[in-house]
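**Q** Just one file: query-v5.txt, with compact mmCIF, C-alpha atoms.
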# COMPACT_ATOMS: atom_id res chain seq x y z
CA MET J 1278 120.29 173.98 164.05
CA THR J 1279 118.15 176.37 162.03
CA ALA J 1280 114.41 176.33 162.59
CA ASN J 1281 111.94 175.61 159.82
CA PRO J 1282 109.00 177.89 158.97
CA LEU J 1283 105.95 176.82 160.94
CA CYS J 1284 103.85 176.49 157.77
CA TRP J 1285 105.87 173.36 156.98
CA TYR J 1286 104.03 171.60 159.82
CA TRP J 1287 100.46 172.62 159.00
CA PRO J 1288 98.18 170.00 157.41
CA VAL J 1289 97.71 170.60 153.70
CA GLU J 1290 94.01 169.71 153.72
CA LEU J 1291 91.64 172.63 153.32
CA PRO J 1292 88.24 172.81 154.99
CA ALA J 1293 85.22 172.02 152.80
CA GLY J 1294 83.19 174.99 151.54
CA ALA J 1295 80.51 174.82 154.25
CA SER J 1296 83.12 174.30 156.95
CA ALA J 1297 85.21 177.22 155.64
CA LYS J 1298 82.15 179.48 155.69
CA ARG J 1299 81.22 178.43 159.23
CA GLU J 1300 84.78 179.02 160.47
CA PHE J 1301 84.92 182.41 158.72
CA ILE J 1302 81.58 183.50 160.24
CA GLU J 1303 82.63 182.34 163.72
CA GLN J 1304 85.94 184.20 163.45
CA ALA J 1305 84.18 187.39 162.30
CA GLU J 1306 81.69 187.17 165.16
CA ARG J 1307 84.51 186.69 167.68
CA ALA J 1308 86.04 189.85 166.23
CA GLY J 1309 82.83 191.74 167.06
CA CYS J 1310 80.75 191.46 163.90
CA THR J 1311 77.04 190.77 164.01
CA PRO J 1312 75.85 187.65 162.16
CA ASP J 1313 74.56 189.88 159.32
CA GLN J 1314 77.89 191.71 159.06
CA ALA J 1315 79.74 188.39 159.06
CA GLU J 1316 77.55 187.16 156.17
CA VAL J 1317 78.34 190.31 154.18
CA LEU J 1318 82.07 189.83 154.84
CA TRP J 1319 81.80 186.21 153.66
CA SER J 1320 80.10 187.40 150.46
CA LEU J 1321 82.90 189.90 149.88
CA GLU J 1322 85.52 187.21 150.50
CA CYS J 1323 83.85 184.96 147.92
CA ALA J 1324 83.59 187.84 145.44
CA ALA J 1325 87.28 188.59 145.92
CA ASP J 1326 88.08 184.95 145.17
CA GLU J 1327 86.16 185.24 141.89
CA ILE J 1328 87.92 188.48 140.94
CA VAL J 1329 91.53 187.56 141.76
CA GLY J 1330 91.19 183.82 141.37
CA ASP J 1331 90.30 181.21 143.93
CA ASP J 1332 93.98 180.49 144.62
CA ALA J 1333 94.36 183.77 146.53
CA GLY J 1334 91.43 182.95 148.79
CA THR J 1335 92.62 179.38 149.23
CA LEU J 1336 96.01 180.60 150.44
CA ALA J 1337 94.45 183.03 152.93
CA ARG J 1338 92.04 180.40 154.25
CA TRP J 1339 94.80 177.83 154.66
CA GLN J 1340 97.01 180.23 156.61
CA ASP J 1341 94.01 181.21 158.76
CA GLY J 1342 95.53 184.52 159.89
CA ARG J 1343 98.86 182.92 160.87
CA CYS J 1344 102.27 184.13 159.78
CA ALA J 1345 103.87 181.44 157.60
CA ILE J 1346 107.23 181.83 159.33
CA CYS J 1347 106.57 182.45 163.03
CA GLY J 1348 102.97 181.18 163.16
CA LYS J 1349 101.71 184.07 165.26
CA VAL J 1350 98.26 185.45 164.54
CA ARG J 1351 98.90 189.08 163.68
CA ASP J 1352 98.20 191.73 161.09
CA LEU J 1353 99.59 190.05 157.97
CA VAL J 1354 101.04 191.38 154.73
CA CYS J 1355 101.21 189.58 151.42
CA ASP J 1356 104.76 188.42 150.68
CA HIS J 1357 105.80 188.01 147.07
CA ASP J 1358 108.88 187.15 145.06
CA HIS J 1359 110.10 190.28 143.28
CA ALA J 1360 111.90 188.19 140.64
CA THR J 1361 108.76 186.30 139.55
CA GLY J 1362 105.96 188.63 140.66
CA LEU J 1363 104.24 185.69 142.39
CA VAL J 1364 102.79 185.56 145.89
CA ARG J 1365 104.59 183.28 148.34
CA GLY J 1366 102.36 183.62 151.39
CA TRP J 1367 101.17 185.83 154.24
CA LEU J 1368 103.70 187.08 156.79
CA CYS J 1369 103.54 189.30 159.85
CA ARG J 1370 105.23 192.65 159.31
CA SER J 1371 108.21 191.64 161.42
CA CYS J 1372 108.92 188.44 159.46
CA ASN J 1373 108.26 190.17 156.13
CA THR J 1374 110.82 192.86 156.95
CA ARG J 1375 113.41 190.35 158.12
CA GLU J 1376 112.74 188.02 155.15
CA GLY J 1377 113.58 190.86 152.78
CA THR J 1378 116.91 191.65 154.41
CA HIS J 1379 118.20 188.23 155.53
CA ARG J 1380 119.71 186.59 152.46
CA GLU J 1381 122.13 184.26 154.23
CA PRO J 1382 121.84 180.55 153.35
CA ASP J 1383 120.33 177.98 155.71
CA THR J 1384 118.19 180.35 157.75
CA ILE J 1385 114.49 180.14 158.51
CA PHE J 1386 114.01 182.83 155.84
CA SER J 1387 115.96 180.99 153.12
CA ARG J 1388 114.01 177.83 153.96
CA TYR J 1389 110.74 179.78 153.70
CA ARG J 1390 111.76 181.07 150.26
CA GLU J 1391 112.55 177.50 149.14
CA ARG J 1392 109.20 176.08 150.29
CA HIS J 1393 106.61 178.78 150.94
CA PRO J 1394 102.83 178.31 151.42
CA ALA J 1395 101.94 178.84 147.74
CA ALA J 1396 104.46 176.14 146.77
CA ILE J 1397 103.20 173.78 149.49
CA LEU J 1398 99.64 174.12 148.18
CA GLY J 1399 100.68 174.12 144.51
CA LEU J 1400 99.18 177.58 143.91
CA THR J 1401 100.18 180.30 141.47
CA VAL J 1402 98.95 183.76 142.41
CA ARG J 1403 100.23 186.98 140.85
CA TYR J 1404 100.92 189.74 143.37
CA LEU J 1405 98.47 192.65 143.15
CA ASN J 1406 100.03 195.88 144.42
CA PRO J 1407 97.51 197.38 146.88
CA VAL J 1408 98.75 200.92 146.19
CA SER J 1409 98.94 200.98 142.39
CA GLY J 1410 96.28 198.33 141.75
CA GLU J 1411 98.60 196.71 139.20
CA TYR J 1412 99.81 193.16 139.03
CA ALA J 1413 103.52 192.62 139.60
CA ALA J 1414 105.46 191.59 136.55
CA PRO J 1415 108.56 189.39 136.67
CA GLN J 1416 111.73 191.46 136.85
CA SER J 1417 114.94 190.82 135.03
CA PRO J 1418 117.73 189.41 137.23
CA SER J 1419 119.65 192.69 136.93
CA LYS J 1420 116.80 194.58 138.64
CA VAL J 1421 116.68 192.11 141.53
CA ASP J 1422 120.15 192.38 143.00
CA TRP J 1423 120.01 190.60 146.34
CA ALA J 1424 123.76 190.89 146.81
CA ASP J 1425 123.29 194.63 147.45
CA LYS J 1426 120.71 195.05 150.21
CA TRP J 1427 120.56 198.79 149.58
CA THR J 1428 119.45 198.63 145.93
CA ASP J 1429 115.91 199.74 146.74
CA ALA J 1430 116.81 201.98 149.67
CA ALA J 1431 114.65 205.04 150.16
CA SER J 1432 117.84 207.09 150.58
CA GLU J 1433 119.07 206.27 147.08
CA ASP J 1434 118.26 209.68 145.62
CA ILE J 1435 119.43 211.81 148.55
CA GLY J 1436 123.14 211.11 148.35
CA LEU J 1437 123.57 208.62 151.20
Would you put the structure from the file into structure tokens?
**A**
Amino acid sequence: MTANPLCWYWPVELPAGASAKREFIEQAERAGCTPDQAEVLWSLECAADEIVGDDAGTLARWQDGRCAICGKVRDLVCDHDHATGLVRGWLCRSCNTREGTHREPDTIFSRYRERHPAAILGLTVRYLNPVSGEYAAPQSPSKVDWADKWTDAASEDIGL
């Protein structure tokens, strides 16, 4: 039997504003921040929500530093659907890499793609490329060819 992504089992309720702030401050202090530094980080988090839309901050708060697939608290990356340009959720690097290459049906990765955190919460967040600073645009189906896993290979232009 194939496992389900762990995010399927998390409660959908989000903490209230004051509770979210308290949890954020406590987490920052556990990570070594002073109370003043934690307050500044909270202010930046709130400012980021206003800039990119509250949905992005809601998704990050709901996942609480956990990978949507394996549930481990790790350094996370923002996973998005290349066909739509929309964010699906936050994944650890390992799950993000495997999600991009495992296209077989009825796997934990295909189940994640069917019902990801943004879908669970009813959120729509456009992916913002951290390198270019540009929002992802939906791609035509011909540009997203999942049947050929090597379409976007770095070796494409070197004759391999």
**Q** Kindly extract all protein, DNA and RNA residues lying within 12 Å of the coordinates (74.3, 182.3, 158.8) given in the file, considering all atoms listed in the file, and supply them as a list in words.
**A**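 It turns out the residues near that spot are Ala1295, Lys1298, Arg1299, Glu1300, Phe1301, Ile1302, Glu1303, Ala1305, Glu1306, Thr1311, Pro1312, Asp1313, Gln1314, Ala1315, Glu1316, Val1317, Leu1318, Trp1319 and Ser1320 of chain J.
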**Q** Rank nothing, just name the residue among J:Pro1288, J:Gly1342, J:Pro1394, J:Gly1348 nearest to J:Leu1363, using all atoms listed in the file.
**A**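 Going through J:Pro1288, J:Gly1342, J:Pro1394, J:Gly1348 one by one, the smallest distance to J:Leu1363 is for J:Pro1394.
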**Q** Which is closer to J:Ile1397 than all the others in J:Gly1410, J:Gly1366, J:Gly1309, J:Gly1334, using all atoms listed in the file?
**A** J:Gly1366
**Q** Nearest residue to J:Phe1386 out of J:Asp1356, J:Arg1307, J:Trp1287, J:Tyr1412, using all atoms listed in the file?
**A**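 So, comparing all the options, the nearest one is J:Asp1356.
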**Q** Please indicate the distance in Å from atom CA of J:Trp1285 to atom CA of J:Asp1352, rounded to one decimal place.
**A**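 Between these atoms lies a distance of 20.3 Å.
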**Q** Tell me which of J:Ser1409, J:Gly1377, J:Tyr1286, J:Arg1388 sits closest to J:Asp1358, counting only C-alpha atoms.
**A**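 Of J:Ser1409, J:Gly1377, J:Tyr1286, J:Arg1388, the one nearest J:Asp1358, counting only C-alpha atoms, is J:Gly1377.
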**Q** Of the candidates J:Cys1310, J:Val1289, J:Leu1336, J:Cys1347, which shows the shortest atom-to-atom distance to J:Val1402, using only C-alpha atoms?
**A**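 For J:Val1402, the nearest of the candidates is J:Leu1336.
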**Q** At what distance in Å, to one decimal, does atom CA of J:His1393 lie from atom CA of J:Arg1343?
**A**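 Going from atom CA of J:Arg1343 over to atom CA of J:His1393, I get 13.3 Å.
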**Q** So how far away is atom CA of J:Ala1395 from atom CA of J:Arg1380, in Å?
**A**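 Here the two named atoms are 20.0 Å from each other.
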**Q** Check the smallest atom-to-atom distance from each of J:Arg1390, J:Arg1351, J:His1357, J:Arg1375 to J:Asn1281 using only C-alpha atoms, then report the winner.
**A**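 Comparing J:Arg1390, J:Arg1351, J:His1357, J:Arg1375 against J:Asn1281, the winner is J:Arg1390.
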**Q** Tell me, as an NGL selection string, which residues lie within 10 Å of J:Val1350, counting all atoms listed in the file; anything in the same chain fewer than 5 positions away does not count.
**A** :J and (1340-1345 or 1368-1369)
